[in-house]
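Engineer: Provided below: my_file-v9.csv, containing CSV, C-alpha atoms and all ligand atoms.
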chain,number,residue,atom,x,y,z
A,861,MET,CA,16.4,21.1,14.2
A,862,VAL,CA,14.9,18.3,16.2
A,863,SER,CA,17.2,16.2,18.3
A,864,ALA,CA,16.7,12.5,19.0
A,865,THR,CA,15.5,11.4,22.4
A,866,VAL,CA,16.1,7.7,22.9
A,867,GLY,CA,13.1,5.6,23.5
A,868,ARG,CA,11.1,8.3,25.2
A,869,GLY,CA,7.5,9.3,24.3
A,870,VAL,CA,6.3,12.9,24.6
A,871,LEU,CA,2.6,13.3,25.3
A,872,LEU,CA,1.1,16.1,23.2
A,873,GLY,CA,-2.6,16.6,24.3
A,874,ALA,CA,-4.1,13.1,24.0
A,875,VAL,CA,-1.8,12.2,21.2
A,876,ALA,CA,1.3,10.2,22.0
A,877,LEU,CA,4.2,11.5,19.9
A,878,SER,CA,7.7,10.1,20.2
A,879,LEU,CA,11.2,10.5,18.8
A,880,LEU,CA,12.6,7.1,18.9
A,881,ALA,CA,16.0,5.4,19.0
A,882,VAL,CA,17.4,5.1,15.5
A,883,PRO,CA,17.3,1.6,14.0
A,884,ALA,CA,20.7,0.0,13.7
A,885,ARG,CA,20.6,0.2,9.9
A,886,ALA,CA,20.2,4.0,9.9
A,887,ALA,CA,22.9,6.6,10.4
A,888,THR,CA,22.6,8.7,13.6
A,889,THR,CA,24.3,11.9,12.8
A,890,GLU,CA,23.1,15.1,11.1
A,891,ALA,CA,26.1,14.9,8.8
A,892,ASP,CA,24.7,11.7,7.2
A,893,THR,CA,21.5,13.4,6.2
A,894,PRO,CA,21.4,13.3,2.4
A,895,ALA,CA,21.2,16.7,0.8
A,896,ALA,CA,17.6,16.0,-0.5
A,897,ALA,CA,16.4,15.1,3.0
A,898,ALA,CA,18.0,18.2,4.4
A,899,ALA,CA,16.2,20.2,1.7
A,900,LEU,CA,12.8,19.0,2.7
A,901,PRO,CA,11.0,21.1,5.3
A,902,ALA,CA,11.2,19.5,8.7
A,903,PRO,CA,8.2,17.4,9.6
A,904,ASP,CA,5.5,19.2,11.7
A,905,PRO,CA,4.7,17.0,14.7
A,906,ALA,CA,1.7,19.2,15.7
A,907,GLY,CA,0.3,19.0,12.2
A,908,LEU,CA,0.8,15.2,12.2
A,909,ALA,CA,-1.1,15.0,15.5
A,910,ALA,CA,-3.8,17.2,14.1
A,911,ALA,CA,-4.3,14.9,11.1
A,912,LEU,CA,-4.6,11.8,13.3
A,913,ARG,CA,-7.0,13.6,15.7
A,914,SER,CA,-9.1,14.7,12.7
A,915,ALA,CA,-9.2,11.1,11.4
A,916,VAL,CA,-10.5,9.9,14.8
A,917,ASP,CA,-13.0,12.8,15.0
A,918,GLN,CA,-14.3,11.7,11.6
A,919,GLY,CA,-15.0,8.2,12.8
A,920,ALA,CA,-11.8,6.1,12.9
A,921,PRO,CA,-11.4,4.1,16.1
A,922,GLY,CA,-7.7,4.8,15.9
A,923,ALA,CA,-5.1,6.5,13.6
A,924,MET,CA,-1.3,6.4,13.7
A,925,ALA,CA,1.8,7.5,11.7
A,926,ARG,CA,5.5,7.0,11.6
A,927,ILE,CA,8.1,9.0,9.8
A,928,ASP,CA,11.6,7.7,9.1
A,929,GLU,CA,14.6,9.6,7.9
A,930,PRO,CA,18.4,9.2,8.6
A,931,GLY,CA,19.0,9.7,12.3
A,932,ARG,CA,15.3,10.3,13.2
A,933,THR,CA,12.1,8.5,13.7
A,934,TYR,CA,8.8,10.2,14.6
A,935,THR,CA,5.8,8.2,15.7
A,936,ALA,CA,2.3,9.4,16.7
A,937,ALA,CA,-0.9,7.5,17.6
A,938,ARG,CA,-4.4,8.3,18.8
A,939,GLY,CA,-7.4,6.2,19.6
A,940,VAL,CA,-7.8,2.5,20.0
A,941,ALA,CA,-6.5,-0.6,18.2
A,942,ASP,CA,-9.4,-2.7,19.5
A,943,ARG,CA,-12.9,-1.3,20.3
A,944,SER,CA,-13.7,-4.2,22.7
A,945,THR,CA,-10.6,-4.1,24.9
A,946,ARG,CA,-9.9,-0.4,24.4
A,947,ARG,CA,-6.2,-1.1,23.9
A,948,ALA,CA,-4.5,2.0,22.7
A,949,LEU,CA,-3.3,1.9,19.0
A,950,THR,CA,0.4,2.2,18.7
A,951,ALA,CA,2.6,3.0,15.7
A,952,ASP,CA,4.0,-0.5,16.0
A,953,ASP,CA,0.7,-2.3,15.4
A,954,ARG,CA,0.5,-4.4,12.3
A,955,PHE,CA,-2.3,-3.9,9.8
A,956,ARG,CA,-3.6,-4.9,6.4
A,957,VAL,CA,-2.0,-2.7,3.7
A,958,GLY,CA,-4.5,-3.2,0.8
A,959,SER,CA,-3.1,-2.0,-2.5
A,960,VAL,CA,0.3,-1.0,-1.1
A,961,THR,CA,0.7,-4.7,-2.0
A,962,LYS,CA,0.8,-3.5,-5.6
A,963,THR,CA,4.2,-1.9,-5.3
A,964,PHE,CA,5.6,-5.2,-3.9
A,965,SER,CA,4.1,-7.1,-6.9
A,966,ALA,CA,5.5,-4.6,-9.3
A,967,VAL,CA,9.0,-4.8,-7.7
A,968,VAL,CA,9.0,-8.6,-8.1
A,969,LEU,CA,8.1,-8.3,-11.8
A,970,LEU,CA,10.6,-5.5,-12.4
A,971,GLN,CA,13.3,-7.6,-10.8
A,972,LEU,CA,12.4,-10.3,-13.3
A,973,ALA,CA,12.7,-7.7,-16.0
A,974,ASP,CA,16.1,-6.8,-14.6
A,975,GLU,CA,17.0,-10.5,-14.9
A,976,ASP,CA,15.9,-10.6,-18.6
A,977,ARG,CA,13.2,-13.0,-17.7
A,978,LEU,CA,10.4,-10.6,-18.6
A,979,ALA,CA,9.9,-7.9,-21.3
A,980,LEU,CA,7.7,-5.1,-20.1
A,981,ASP,CA,6.4,-4.4,-23.6
A,982,ALA,CA,5.6,-8.0,-24.4
A,983,PRO,CA,1.9,-9.1,-24.5
A,984,VAL,CA,0.8,-10.8,-21.3
A,985,ASN,CA,-0.5,-13.6,-23.5
A,986,ARG,CA,3.1,-14.4,-24.4
A,987,TYR,CA,3.7,-15.7,-20.9
A,988,LEU,CA,0.1,-16.7,-20.1
A,989,PRO,CA,-1.2,-18.0,-23.5
A,990,GLY,CA,-4.9,-17.3,-24.0
A,991,LEU,CA,-5.5,-15.6,-20.6
A,992,LEU,CA,-6.5,-12.2,-21.9
A,993,PRO,CA,-9.0,-11.5,-24.7
A,994,ASP,CA,-6.7,-9.0,-26.4
A,995,ASP,CA,-3.1,-9.8,-27.4
A,996,ARG,CA,-2.3,-6.1,-27.4
A,997,ILE,CA,-2.4,-5.9,-23.6
A,998,THR,CA,1.2,-5.7,-22.4
A,999,VAL,CA,2.9,-6.3,-19.1
A,1000,ARG,CA,3.5,-2.5,-18.9
A,1001,ASP,CA,-0.3,-1.8,-19.5
A,1002,VAL,CA,-1.1,-4.1,-16.6
A,1003,LEU,CA,1.4,-2.5,-14.2
A,1004,SER,CA,0.3,1.0,-15.2
A,1005,HIS,CA,-3.5,0.3,-15.1
A,1006,ARG,CA,-3.8,1.0,-18.8
A,1007,SER,CA,-5.0,-2.5,-19.9
A,1008,GLY,CA,-8.7,-1.7,-19.9
A,1009,LEU,CA,-9.4,-4.9,-17.8
A,1010,TYR,CA,-12.6,-4.3,-15.8
A,1011,ASP,CA,-12.2,-4.1,-12.0
A,1012,TYR,CA,-14.3,-7.0,-10.7
A,1013,THR,CA,-14.3,-5.5,-7.2
A,1014,ASN,CA,-16.7,-2.8,-8.3
A,1015,ASP,CA,-19.3,-5.6,-8.5
A,1016,LEU,CA,-18.2,-7.6,-5.4
A,1017,PHE,CA,-18.4,-4.5,-3.1
A,1018,ALA,CA,-21.4,-2.6,-4.6
A,1019,ASP,CA,-22.9,-3.1,-1.1
A,1020,SER,CA,-20.0,-2.7,1.3
A,1021,VAL,CA,-21.0,-4.9,4.2
A,1022,SER,CA,-22.9,-7.7,2.5
A,1023,GLY,CA,-20.3,-7.7,-0.3
A,1024,PHE,CA,-17.6,-8.1,2.2
A,1025,GLU,CA,-19.4,-10.8,4.3
A,1026,ALA,CA,-19.9,-12.8,1.0
A,1027,VAL,CA,-16.2,-13.1,0.4
A,1028,ARG,CA,-14.5,-12.7,3.7
A,1029,ASN,CA,-13.9,-16.5,4.1
A,1030,LYS,CA,-13.8,-17.4,0.4
A,1031,VAL,CA,-10.7,-18.7,-1.4
A,1032,PHE,CA,-10.4,-17.7,-5.0
A,1033,THR,CA,-7.9,-18.9,-7.6
A,1034,HIS,CA,-6.2,-16.1,-9.6
A,1035,ARG,CA,-8.0,-17.3,-12.7
A,1036,GLN,CA,-11.4,-17.2,-11.0
A,1037,LEU,CA,-10.8,-13.5,-10.3
A,1038,VAL,CA,-9.7,-12.8,-13.9
A,1039,ASP,CA,-12.8,-14.6,-15.1
A,1040,LEU,CA,-15.0,-12.3,-13.0
A,1041,SER,CA,-13.4,-9.4,-14.7
A,1042,LEU,CA,-13.8,-10.8,-18.2
A,1043,ARG,CA,-17.6,-11.0,-17.8
A,1044,LYS,CA,-17.4,-7.3,-18.7
A,1045,PRO,CA,-15.9,-5.7,-21.8
A,1046,LEU,CA,-12.6,-3.8,-21.6
A,1047,THR,CA,-13.1,-0.3,-20.3
A,1048,ASN,CA,-10.7,1.1,-22.9
A,1049,GLU,CA,-8.5,0.1,-25.8
A,1050,PRO,CA,-5.3,-1.4,-24.4
A,1051,GLY,CA,-2.6,1.2,-23.6
A,1052,THR,CA,-4.8,4.2,-24.3
A,1053,ALA,CA,-6.1,5.3,-20.9
A,1054,TYR,CA,-5.5,5.0,-17.1
A,1055,SER,CA,-8.3,3.1,-15.4
A,1056,TYR,CA,-7.4,1.6,-12.0
A,1057,SER,CA,-8.3,-2.1,-11.7
A,1058,ASN,CA,-7.4,-4.7,-9.2
A,1059,THR,CA,-7.6,-7.2,-12.1
A,1060,ASN,CA,-4.3,-5.9,-13.4
A,1061,PHE,CA,-2.4,-6.9,-10.2
A,1062,VAL,CA,-4.1,-10.3,-10.1
A,1063,VAL,CA,-2.6,-10.8,-13.6
A,1064,ALA,CA,0.7,-9.5,-12.2
A,1065,GLY,CA,0.6,-12.3,-9.6
A,1066,MET,CA,-0.1,-14.9,-12.3
A,1067,LEU,CA,2.9,-13.6,-14.2
A,1068,ILE,CA,5.1,-13.9,-11.1
A,1069,GLU,CA,4.0,-17.5,-10.5
A,1070,LYS,CA,4.3,-18.5,-14.1
A,1071,LEU,CA,7.8,-17.0,-14.6
A,1072,THR,CA,9.3,-18.2,-11.3
A,1073,GLY,CA,7.4,-21.4,-10.7
A,1074,HIS,CA,6.8,-20.2,-7.1
A,1075,SER,CA,3.9,-18.7,-5.2
A,1076,VAL,CA,3.7,-14.9,-5.0
A,1077,GLY,CA,4.2,-15.3,-1.2
A,1078,THR,CA,7.5,-17.1,-1.7
A,1079,GLU,CA,8.7,-14.4,-4.2
A,1080,TYR,CA,7.8,-11.5,-1.9
A,1081,GLU,CA,9.6,-13.3,0.9
A,1082,GLU,CA,12.8,-14.1,-0.9
A,1083,ARG,CA,13.1,-10.9,-3.0
A,1084,VAL,CA,11.9,-8.3,-0.6
A,1085,PHE,CA,10.9,-9.3,3.0
A,1086,LYS,CA,14.1,-11.2,3.8
A,1087,PRO,CA,16.6,-8.9,2.1
A,1088,LEU,CA,15.1,-5.8,3.8
A,1089,LYS,CA,14.7,-7.7,7.1
A,1090,LEU,CA,11.0,-6.8,7.3
A,1091,ARG,CA,10.0,-8.4,10.5
A,1092,ASP,CA,6.3,-7.4,10.5
A,1093,THR,CA,5.5,-8.2,6.9
A,1094,PHE,CA,3.6,-11.3,5.8
A,1095,TYR,CA,1.7,-12.8,3.0
A,1096,VAL,CA,-0.5,-15.4,4.7
A,1097,HIS,CA,-3.2,-16.0,2.1
A,1098,PRO,CA,-5.5,-17.8,2.5
A,1099,SER,CA,-5.1,-17.7,6.3
A,1100,THR,CA,-7.4,-15.1,7.9
A,1101,VAL,CA,-5.1,-14.5,10.9
A,1102,ILE,CA,-2.8,-11.5,11.3
A,1103,PRO,CA,0.3,-12.7,13.2
A,1104,GLY,CA,1.5,-11.0,16.4
A,1105,ARG,CA,0.2,-7.6,17.7
A,1106,TYR,CA,-2.1,-5.8,15.3
A,1107,ALA,CA,-4.8,-3.2,15.0
A,1108,ARG,CA,-8.3,-4.6,14.5
A,1109,GLY,CA,-10.0,-3.1,11.4
A,1110,TYR,CA,-13.5,-1.7,11.3
A,1111,LEU,CA,-15.6,-1.4,8.1
A,1112,THR,CA,-18.0,1.6,8.0
A,1113,PRO,CA,-21.4,0.5,6.7
A,1114,ASP,CA,-22.9,2.4,3.8
A,1115,GLN,CA,-26.0,3.4,5.8
A,1116,GLY,CA,-25.2,6.2,8.3
A,1117,GLY,CA,-25.9,5.3,11.9
A,1118,GLU,CA,-25.2,1.5,11.5
A,1119,PRO,CA,-22.4,0.2,13.8
A,1120,LEU,CA,-18.9,-0.4,12.5
A,1121,VAL,CA,-18.3,-4.0,11.4
A,1122,ASP,CA,-15.1,-5.8,12.7
A,1123,ALA,CA,-13.5,-6.9,9.4
A,1124,THR,CA,-10.1,-7.9,10.8
A,1125,ASP,CA,-10.3,-11.6,10.0
A,1126,GLN,CA,-10.6,-12.3,6.3
A,1127,THR,CA,-8.8,-14.3,3.6
A,1128,VAL,CA,-8.3,-11.2,1.4
A,1129,SER,CA,-8.5,-13.8,-1.4
A,1130,TRP,CA,-10.5,-11.4,-3.5
A,1131,ALA,CA,-7.3,-9.3,-3.8
A,1132,GLN,CA,-4.2,-11.6,-3.3
A,1133,SER,CA,-1.3,-10.0,-5.2
A,1134,ALA,CA,-3.4,-6.8,-5.6
A,1135,GLY,CA,-3.9,-6.3,-1.9
A,1136,ALA,CA,-3.3,-9.0,0.7
A,1137,ILE,CA,0.0,-8.1,2.4
A,1138,ILE,CA,0.1,-7.5,6.2
A,1139,SER,CA,2.8,-5.1,7.4
A,1140,SER,CA,3.7,-2.3,9.9
A,1141,ALA,CA,4.6,1.4,9.5
A,1142,ARG,CA,8.2,0.6,10.2
A,1143,ASP,CA,8.4,-2.0,7.5
A,1144,LEU,CA,6.6,0.1,4.9
A,1145,ASP,CA,8.9,3.0,5.6
A,1146,ILE,CA,11.9,0.7,5.2
A,1147,PHE,CA,10.4,-0.7,1.9
A,1148,TYR,CA,9.8,2.6,0.2
A,1149,ARG,CA,13.1,4.1,1.4
A,1150,ALA,CA,14.9,1.1,-0.1
A,1151,LEU,CA,12.9,1.2,-3.3
A,1152,LEU,CA,13.3,4.9,-3.9
A,1153,GLY,CA,16.9,4.8,-2.7
A,1154,GLY,CA,17.7,2.3,-5.5
A,1155,GLU,CA,18.3,-0.8,-3.4
A,1156,LEU,CA,15.7,-3.1,-5.0
A,1157,LEU,CA,15.9,-2.3,-8.7
A,1158,SER,CA,18.4,-1.2,-11.3
A,1159,ALA,CA,18.3,2.5,-12.1
A,1160,ALA,CA,16.8,1.8,-15.5
A,1161,ARG,CA,13.9,-0.3,-14.0
A,1162,LEU,CA,13.3,2.2,-11.2
A,1163,GLY,CA,13.1,4.9,-14.0
A,1164,GLU,CA,10.5,2.9,-15.8
A,1165,MET,CA,8.5,2.5,-12.6
A,1166,GLU,CA,8.6,6.3,-12.3
A,1167,ARG,CA,7.2,7.1,-15.7
A,1168,PHE,CA,4.0,8.5,-14.6
A,1169,THR,CA,0.6,8.9,-16.3
A,1170,PRO,CA,-1.5,11.8,-14.8
A,1171,VAL,CA,-4.5,10.6,-12.9
A,1172,ASP,CA,-5.9,13.9,-11.7
A,1173,GLY,CA,-4.5,17.4,-10.8
A,1174,THR,CA,-2.4,16.1,-7.9
A,1175,THR,CA,-1.8,12.4,-8.5
A,1176,ALA,CA,-0.1,10.3,-11.1
A,1177,TYR,CA,0.5,6.5,-11.6
A,1178,GLY,CA,3.7,4.8,-12.7
A,1179,LEU,CA,4.2,1.0,-12.5
A,1180,GLY,CA,2.6,-0.1,-9.2
A,1181,LEU,CA,3.7,3.3,-7.8
A,1182,ARG,CA,1.7,6.5,-7.1
A,1183,ARG,CA,3.0,10.0,-7.1
A,1184,ARG,CA,1.2,12.7,-5.0
A,1185,ASP,CA,2.0,16.3,-5.5
A,1186,LEU,CA,1.7,18.1,-2.2
A,1187,SER,CA,0.6,21.6,-1.5
A,1188,CYS,CA,4.1,22.8,-0.9
A,1189,GLY,CA,5.4,21.6,-4.2
A,1190,VAL,CA,7.1,18.4,-2.9
A,1191,SER,CA,6.1,15.2,-4.7
A,1192,VAL,CA,6.0,11.9,-2.8
A,1193,TYR,CA,6.1,8.4,-4.1
A,1194,GLY,CA,4.4,5.3,-2.8
A,1195,HIS,CA,0.9,3.9,-2.7
A,1196,THR,CA,-2.4,4.1,-0.9
A,1197,GLY,CA,-4.4,1.1,0.4
A,1198,VAL,CA,-8.0,0.5,1.2
A,1199,VAL,CA,-9.0,-2.9,2.5
A,1200,GLN,CA,-12.0,-3.5,4.7
A,1201,GLY,CA,-11.1,-1.9,8.1
A,1202,TYR,CA,-7.9,-0.1,7.1
A,1203,TYR,CA,-6.8,3.0,5.2
A,1204,THR,CA,-3.0,3.2,4.5
A,1205,TYR,CA,-0.9,6.0,3.1
A,1206,ALA,CA,2.8,4.9,2.5
A,1207,PHE,CA,5.0,7.4,0.7
A,1208,ALA,CA,8.6,8.5,0.5
A,1209,SER,CA,10.5,11.5,-0.9
A,1210,GLU,CA,12.0,11.3,-4.4
A,1211,ASP,CA,15.4,9.9,-3.2
A,1212,GLY,CA,13.8,7.8,-0.4
A,1213,SER,CA,15.5,9.8,2.3
A,1214,ARG,CA,12.2,10.4,4.2
A,1215,SER,CA,9.3,8.0,4.3
A,1216,LEU,CA,6.0,8.2,6.1
A,1217,THR,CA,3.2,5.6,6.7
A,1218,ALA,CA,-0.1,6.7,8.1
A,1219,VAL,CA,-2.9,4.3,9.0
A,1220,ALA,CA,-6.5,4.5,10.3
A,1221,ASN,CA,-8.3,1.4,11.4
A,1222,THR,CA,-11.5,2.0,9.5
A,1223,SER,CA,-12.5,2.2,5.8
A,1224,ASN,CA,-15.5,3.2,3.6
A,1225,ASN,CA,-15.4,6.6,5.2
A,1226,GLY,CA,-14.0,9.3,2.8
A,1227,ARG,CA,-13.8,11.9,5.5
A,1228,VAL,CA,-11.3,9.7,7.5
A,1229,SER,CA,-9.3,9.1,4.3
A,1230,ASP,CA,-9.1,12.8,3.6
A,1231,ALA,CA,-8.1,13.6,7.2
A,1232,LEU,CA,-5.4,11.0,7.1
A,1233,ALA,CA,-4.0,12.5,3.9
A,1234,GLY,CA,-3.1,15.5,6.1
A,1235,ALA,CA,-0.4,13.4,7.6
A,1236,LEU,CA,1.5,13.5,4.3
A,1237,GLU,CA,1.3,17.3,4.3
A,1238,ALA,CA,2.6,17.5,7.8
A,1239,GLY,CA,5.3,14.9,7.2
A,1240,PHE,CA,6.7,16.3,4.0
A,1241,CYS,CA,5.6,20.0,3.9
A,1242,GLY,CA,6.1,20.7,7.6
A,1243,GLN,CA,4.6,23.9,8.8
A,1244,GLY,CA,4.5,25.1,5.2
A,1245,ALA,CA,1.6,22.8,4.5
A,1246,ALA,CA,-1.5,24.5,3.1
A,1247,LYS,CA,-4.1,24.6,5.9
A,1248,GLY,CA,-7.2,22.6,5.1
B,1301,LIG,S1,-9.5,0.9,-4.2
B,1301,LIG,C1,-8.4,2.3,-4.1
B,1301,LIG,C2,-7.2,1.8,-3.4
B,1301,LIG,N1,-7.0,0.4,-3.7
B,1301,LIG,C3,-8.1,-0.3,-4.4
B,1301,LIG,C4,-8.0,-1.4,-3.5
B,1301,LIG,C5,-6.9,-0.6,-2.8
B,1301,LIG,N2,-9.0,-1.8,-2.6
B,1301,LIG,C6,-10.2,-2.3,-3.0
B,1301,LIG,O1,-10.4,-2.5,-4.1
B,1301,LIG,C7,-11.2,-2.5,-1.9
B,1301,LIG,C8,-12.5,-2.1,-2.4
B,1301,LIG,C9,-13.5,-2.1,-1.3
B,1301,LIG,C10,-13.2,-1.3,-0.1
B,1301,LIG,C11,-14.4,-1.0,0.8
B,1301,LIG,C12,-14.0,-0.3,2.0
B,1301,LIG,O2,-13.8,0.9,2.0
B,1301,LIG,O3,-13.6,-1.0,3.0
B,1301,LIG,N3,-15.3,-0.2,0.0
B,1301,LIG,C13,-16.5,-0.6,-0.4
B,1301,LIG,O4,-17.0,-1.7,-0.2
B,1301,LIG,C14,-17.3,0.4,-1.2
B,1301,LIG,N4,-18.6,0.0,-1.5
B,1301,LIG,C15,-8.1,2.7,-5.5
B,1301,LIG,C16,-9.0,3.4,-3.4
B,1301,LIG,C17,-5.9,2.5,-3.6
B,1301,LIG,O5,-5.8,3.6,-3.0
B,1301,LIG,O6,-5.1,2.1,-4.5
B,1301,LIG,O7,-6.4,-0.7,-1.8
Kindly transcribe the structure held in the file into structure tokens.
Structural biologist:
Amino acid sequence: MVSATVGRGVLLGAVALSLLAVPARAATTEADTPAAAAALPAPDPAGLAAALRSAVDQGAPGAMARIDEPGRTYTAARGVADRSTRRALTADDRFRVGSVTKTFSAVVLLQLADEDRLALDAPVNRYLPGLLPDDRITVRDVLSHRSGLYDYTNDLFADSVSGFEAVRNKVFTHRQLVDLSLRKPLTNEPGTAYSYSNTNFVVAGMLIEKLTGHSVGTEYEERVFKPLKLRDTFYVHPSTVIPGRYARGYLTPDQGGEPLVDATDQTVSWAQSAGAIISSARDLDIFYRALLGGELLSAARLGEMERFTPVDGTTAYGLGLRRRDLSCGVSVYGHTGVVQGYYTYAFASEDGSRSLTAVANTSNNGRVSDALAGALEAGFCGQGAAKG
């Protein structure tokens, strides 16, 4: 069993790995480890380091990860946060989380359902009259990507760099984004098939704003960021600035051999409630531990969030929540995120007792994404992970 060393980093090859002091909110003794956490294989620090090394070898300027469980925190980082200054990336650096934002949006809507202010099986058009072309599309369809609403980002980012440059400073209204989607027919009959679409979570943001009378930023802040004391988590739309210390993000061009594009500063207005949150590994670990641990929703609503539709052989989607089935038979719950310059994996064990966030500061490079997924295997399967 690993023992905690307070505030000291251990250097493993060129990868900084550390076991940190336990945050005040977490228990510090082995006795407090919940049964389910104890039942999980211990994380594999060498495997975690190898996953980050592989992500950097495949083209990421930097990669980092953090694992939290009662009494223990593991961090690891490799490479640089900034290609100009060569500052080393750390597991404390903030970053853009992309679609991990979707879980935050789903939590706000499910809290509204808990407060009887929203019915999941009601048509979206009940709350937003005339918004959608089909009255059969329900709130649940939207949160589970079963609405059939076309993903307008397929068109925006057909060419990755020019598509990004065309929108990086733009400010869209939610309705403009929905209108982009409605230029195309529904991809399936409402409720009949899973088809991932950012449009769904733009509609989720519109529902939040209509039902509460507040901006999505205010609702995230009041319902999630403040109660969980998330000190690194922000919704700054339409500002292009990441507050404090952060990793710069580098978009990989479609044409091999072209230089990486610094994509750090952007409005993320093309995503908003589908993808514009800024956070840190610490905060995402706290968020998913709290969510899976039952701190944010009633047991009934969390149960609805965890009713999964199969996506492929190893992944499934609930309501703003992904499930990934790992090689060792452990399933983890959270979300992935891709926004120009950043890949994020943020997942927790079923009871929230262990959570892991892994980030690379590049995107549009599937090999980096695949390598980073190895962090989940190391973090939850330990040395029992299937070797890739
Ligand atoms: S895509 C996903 C991921 N989600 C979806 C959302 C998010 N991110 C986006 O829609 C961004 C799309 C453009 C990203 C860009 C790049 O890699 O930087 N790619 C291109 O421009 C390609 N031409 C389903 C993967 C998720 O995991 O949920 O985040």
Engineer: List all protein, DNA and RNA residues that have an atom no more than 6 Å from any atom of ligand LIG 1301 (chain B), counting only C-alpha atoms and all ligand atoms, and report them as number ranges by chain.
Structural biologist: A: 958-959, 1013, 1017-1020, 1111, 1196-1201, 1223-1224
Engineer: Calculated over all atoms listed in the file, which of the candidates A:Gly922, A:Gly1226, A:Pro1050, A:Gly1239 has the smallest distance to Arg1214 of chain A?
Structural biologist: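 Distance minimum relative to Arg1214 of chain A lands on A:Gly1239.
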Engineer: Residues of segment 926-967 of chain A that have any atom at most 12 Å from an atom of segment 901-906 of chain A: could you tabulate them with the shortest-distance atom pair and the distance in Å to one decimal, using all atoms listed in the file, ordered by chain and increasing number, as CSV?
Structural biologist:
residue,atom,partner,partner_atom,distance
A:Arg926,CA,A:Pro905,CA,10.5
A:Ile927,CA,A:Pro903,CA,8.4
A:Asp928,CA,A:Pro903,CA,10.3
A:Glu929,CA,A:Pro903,CA,10.2
A:Arg932,CA,A:Pro903,CA,10.7
A:Thr933,CA,A:Pro903,CA,10.5
A:Tyr934,CA,A:Pro905,CA,7.9
A:Thr935,CA,A:Pro905,CA,8.9
A:Ala936,CA,A:Pro905,CA,8.2
A:Ala937,CA,A:Pro905,CA,11.4
Engineer: Taking all atoms listed in the file into account, which of A:Val1096, A:Met1165, A:Met924, A:Leu1016 comes nearest Leu980 of chain A?
Structural biologist: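 That would be A:Met1165, the residue with the smallest distance to Leu980 of chain A.
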Engineer: Between A:Phe964, A:Asn1029, A:Gln1126, A:Gly1116, which is the closest to Phe1085 of chain A once you count only C-alpha atoms?
Structural biologist: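 Going through A:Phe964, A:Asn1029, A:Gln1126, A:Gly1116 one by one, the smallest distance to Phe1085 of chain A is for A:Phe964.
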Engineer: Please determine, counting all atoms listed in the file, which residue among A:Ala911, A:Leu1040, A:Val957, A:Cys1188 has the shortest atom-to-atom distance to Gln1243 of chain A.
Structural biologist: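 Going through A:Ala911, A:Leu1040, A:Val957, A:Cys1188 one by one, the smallest distance to Gln1243 of chain A is for A:Cys1188.
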